[in-house]
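**Student:** Okay, here's the structure, questions in a sec.
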Amino acid sequence: MPIQTTSKIWHNGNLIPWEDATLHVMSHVIHYGSSVFEGIRCYAQPHGSAVFRLPEHMQRLIDSAKIYRMELPYTLDELCAAVVDVIEANGVAPCYIRPIALRGYGEIGVSPKGSPIEVYVANFPWGKYIDGKGGADVCVSSWNRLAPNTMPALAKAGANYMNSQLIRMEAEINGYQEGIALDVNGLVSEGSGENIFVVRNGVIYTPPLANSALSGITRDSVLTLARHLGLTVIEQAFPRELLYIADEVFFSGTAAEVQPIRTIDRIVVGDGKVGEITKKIADEFFGIANGLKPDKFGWLTPVNVNAAETVPA
Ligand SMILES: Cc1ncc(COP(=O)(O)O)c(C=O)c1O
C-alpha cells in the first residue's frame, strides 16, 4: 500500500513540509545504508490517542546510533518531544511513526565521519502489517539472520533490512505472508520484521537476543504481560522443528502487533485455531494499547489530537 502522506515531517528540530523532506542522491546513507530508525505506533483511545512505549523506542534509537558511532545531537526527552510534536502538528492518529537518523551529504568514502547526521520523524496512517485474522501462513526462510559479529542485530539499522527484504520477498513469492529466519547455527531467530514466540505444553518460549534477534519492544511487552498473567515464559534457543510441533506460535512487533500464526511450511500449528495463550496475551496487549485496560506499566504517552481528525487504523 502506498504511503499515506501527512502535512509535516520533523527535521533537525523544525517541522518542514512533507514534500521538502528530501535527500541528495550522493548522501552517504543511499550508498552504504548508514541509517538507524524506529517504528512506533500511536493508538486510538476512548478519550484521545497515545503513543505506545515512546521512551523505550527512542532509547533504542539512541542505542542503535551508539553502536554505529553516530552522535545524535538530541537527548531522549527531545526525541520523544519531536514525536509528540509531529503527531500533534499533523493531527493524524492512530498512526505509525518513523523516526530515522542518517548520514547525509558530505563525503562519498565509506568512512562516515565527514557526512552530517540528519534526524527526521514522520508519522502517517498505517493499518495491519500482516493480514491474517485467523492466523498467518508463514514459512521458514532459506535465508539466515545476520551472523554475530557481522552486522549487529541489536542495532535497528537500515542496512539490516536488506536481509529482511530477502526473507520477506522469498516468502511472498512462494505464497506465504512472512518468513521466519534461522540464525547462523540453524536455530530459530525471528521473522523479517517480528520476534517470535512458541507455546508448548503451556510454556512460552522465545529465542534469546544471542540468536540474532532484535530486542523488540513488543517482545518485551509480551514477556512482561505473560509473567504478569502468571504464565511461564522462557528465553531459550530452540530448533526449527519445535515450530512444527508447537501448540501455538505467534509473532510480536510494532507493525505486526501480536500476530497468531496458523501454518508454518504448510504444517498446521496446533489445531489451526488461535490458541488460548496467544489470545490472552493479545487481549492484554490491545486492551492496554487501545486504552480499554489500565496502563499498569506506564506504557502510554498521550498526544493531543483532535478526535474529529482521528482516522481508523
Ligand atoms: C527484525 C525485527 N525483529 C523484531 C522486530 C520487533 O520489534 P518491535 O517490537 O520493537 O517493533 C522488528 C520490528 O521493529 C524487526 O524489524
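Residue numbers start at 1 in each chain; chains themselves are named A, B, ... in the order of the C-alpha cells; ligands are numbered from 1 in the order shown.
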At most 6 Å is the cut-off: for each residue in chain A with any atom that close to an atom of ligand 1, write down the nearest atom pair and the distance in Å rounded to one decimal, counting only C-alpha atoms and all ligand atoms, chain first then increasing number, as CSV.

**Tutor:**
```
residue,atom,partner,partner_atom_place_in_ligand_line,distance
A:Gly39,CA,ligand 1,14 (O),5.9
A:Ser192,CA,ligand 1,1 (C),5.1
A:Gly193,CA,ligand 1,16 (O),3.4
A:Glu194,CA,ligand 1,4 (C),3.7
A:Asn195,CA,ligand 1,4 (C),4.4
A:Leu214,CA,ligand 1,3 (N),4.6
A:Gly216,CA,ligand 1,7 (O),3.4
A:Ile217,CA,ligand 1,10 (O),3.7
A:Thr218,CA,ligand 1,9 (O),3.5
A:Arg219,CA,ligand 1,9 (O),5.4
A:Ser252,CA,ligand 1,9 (O),5.9
A:Gly253,CA,ligand 1,9 (O),3.5
A:Thr254,CA,ligand 1,11 (O),3.6
```

**Student:** Please identify all polymer residues within 10 Å of Leu229 (chain A), counting only C-alpha atoms, omitting same-chain residues fewer than 5 positions from it, and present them as a PDB file with C-alpha atoms, in the first residue's frame.

**Tutor:**
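So the final result, stored in out-v1.pdb, reads:
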```pdb
ATOM      1  CA  LEU A 223       7.344 -11.070  28.233  1.00  0.00           C
ATOM      2  CA  THR A 224       6.032  -8.585  30.803  1.00  0.00           C
ATOM      3  CA  ILE A 277      -2.375 -18.244  25.482  1.00  0.00           C
ATOM      4  CA  LYS A 280      -4.844 -13.953  26.452  1.00  0.00           C
ATOM      5  CA  ILE A 281      -1.666 -12.044  25.609  1.00  0.00           C
ATOM      6  CA  GLU A 284      -3.923  -7.667  27.323  1.00  0.00           C
TER       7      GLU A 284
END
```

**Student:** Mind the document's chain letters and residue numbers, and return as a PyMOL selection string the residues of region 75-300 of chain A that DSSP labels strand (DSSP E).

**Tutor:** chain A and resi 95-103+117-124+136-144+178-182+188-191+195-200+203-206+232-235+248-253+257-264+267-268+300

**Student:** Quick one: residues within 12 Å of Lys113 (chain A), only C-alpha atoms, excluding same-chain residues fewer than 2 positions away - as a PyMOL selection string?

**Tutor:** chain A and resi 28+34+68-71+102-111+115-117

**Student:** Those selected residues, please, written with C-alpha atoms and delivered as a short mmCIF file (atom, residue, chain, number, x, y, z; two decimals), in the first residue's frame.

**Tutor:**
```
data_model
loop_
_atom_site.label_atom_id
_atom_site.label_comp_id
_atom_site.auth_asym_id
_atom_site.auth_seq_id
_atom_site.Cartn_x
_atom_site.Cartn_y
_atom_site.Cartn_z
CA HIS A 28 26.14 8.55 2.47
CA SER A 34 24.01 4.21 7.05
CA TYR A 68 27.37 2.81 14.80
CA ARG A 69 29.27 5.70 16.46
CA MET A 70 26.63 8.19 15.34
CA GLU A 71 26.44 11.09 17.77
CA LEU A 102 21.05 9.02 8.89
CA ARG A 103 24.41 10.03 7.46
CA GLY A 104 23.67 12.73 4.91
CA TYR A 105 25.51 14.55 2.11
CA GLY A 106 29.21 15.16 2.69
CA GLU A 107 31.89 12.68 1.67
CA ILE A 108 31.49 9.61 -0.51
CA GLY A 109 34.18 7.38 1.07
CA VAL A 110 32.97 4.51 3.25
CA SER A 111 34.20 6.24 6.42
CA SER A 115 28.84 13.17 6.43
CA PRO A 116 26.40 15.13 8.63
CA ILE A 117 23.88 13.36 10.82
#
```

**Student:** Nearest to Asn12 (chain A): which of A:Pro294, A:Leu231, A:Asp265, A:Ala101 is it, counting only C-alpha atoms?

**Tutor:**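 Ranking A:Pro294, A:Leu231, A:Asp265, A:Ala101 by distance to Asn12 (chain A), first place goes to A:Ala101.
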
**Student:** Could you tell me how far CA of Asp63 (chain A) lies from CA of Ala157 (chain A), in Å and to one decimal?

**Tutor:**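 We find that CA of Asp63 (chain A) and CA of Ala157 (chain A) lie 10.7 Å from each other.
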
**Student:** Tell me which protein, DNA and RNA residues are within 12 Å of Met151 (chain A), counting only C-alpha atoms, leaving out same-chain ones fewer than 3 positions away, and put them as a VMD selection string.

**Tutor:** chain A and resid 33 to 34 64 67 to 68 145 to 148 154 to 163 212 to 214

**Student:** Between CA of Gly270 (chain A) and CA of Leu187 (chain A), what distance in Å does the model show, to one decimal?

**Tutor:**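 We find that CA of Gly270 (chain A) and CA of Leu187 (chain A) lie 20.7 Å from each other.
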
**Student:** Using DSSP on the backbone coordinates, identify all residues within region 180-285 of chain A classified as alpha helix (DSSP H); present the result as a ChimeraX atom specification.

**Tutor:** /A:217-228,240-245,276-285
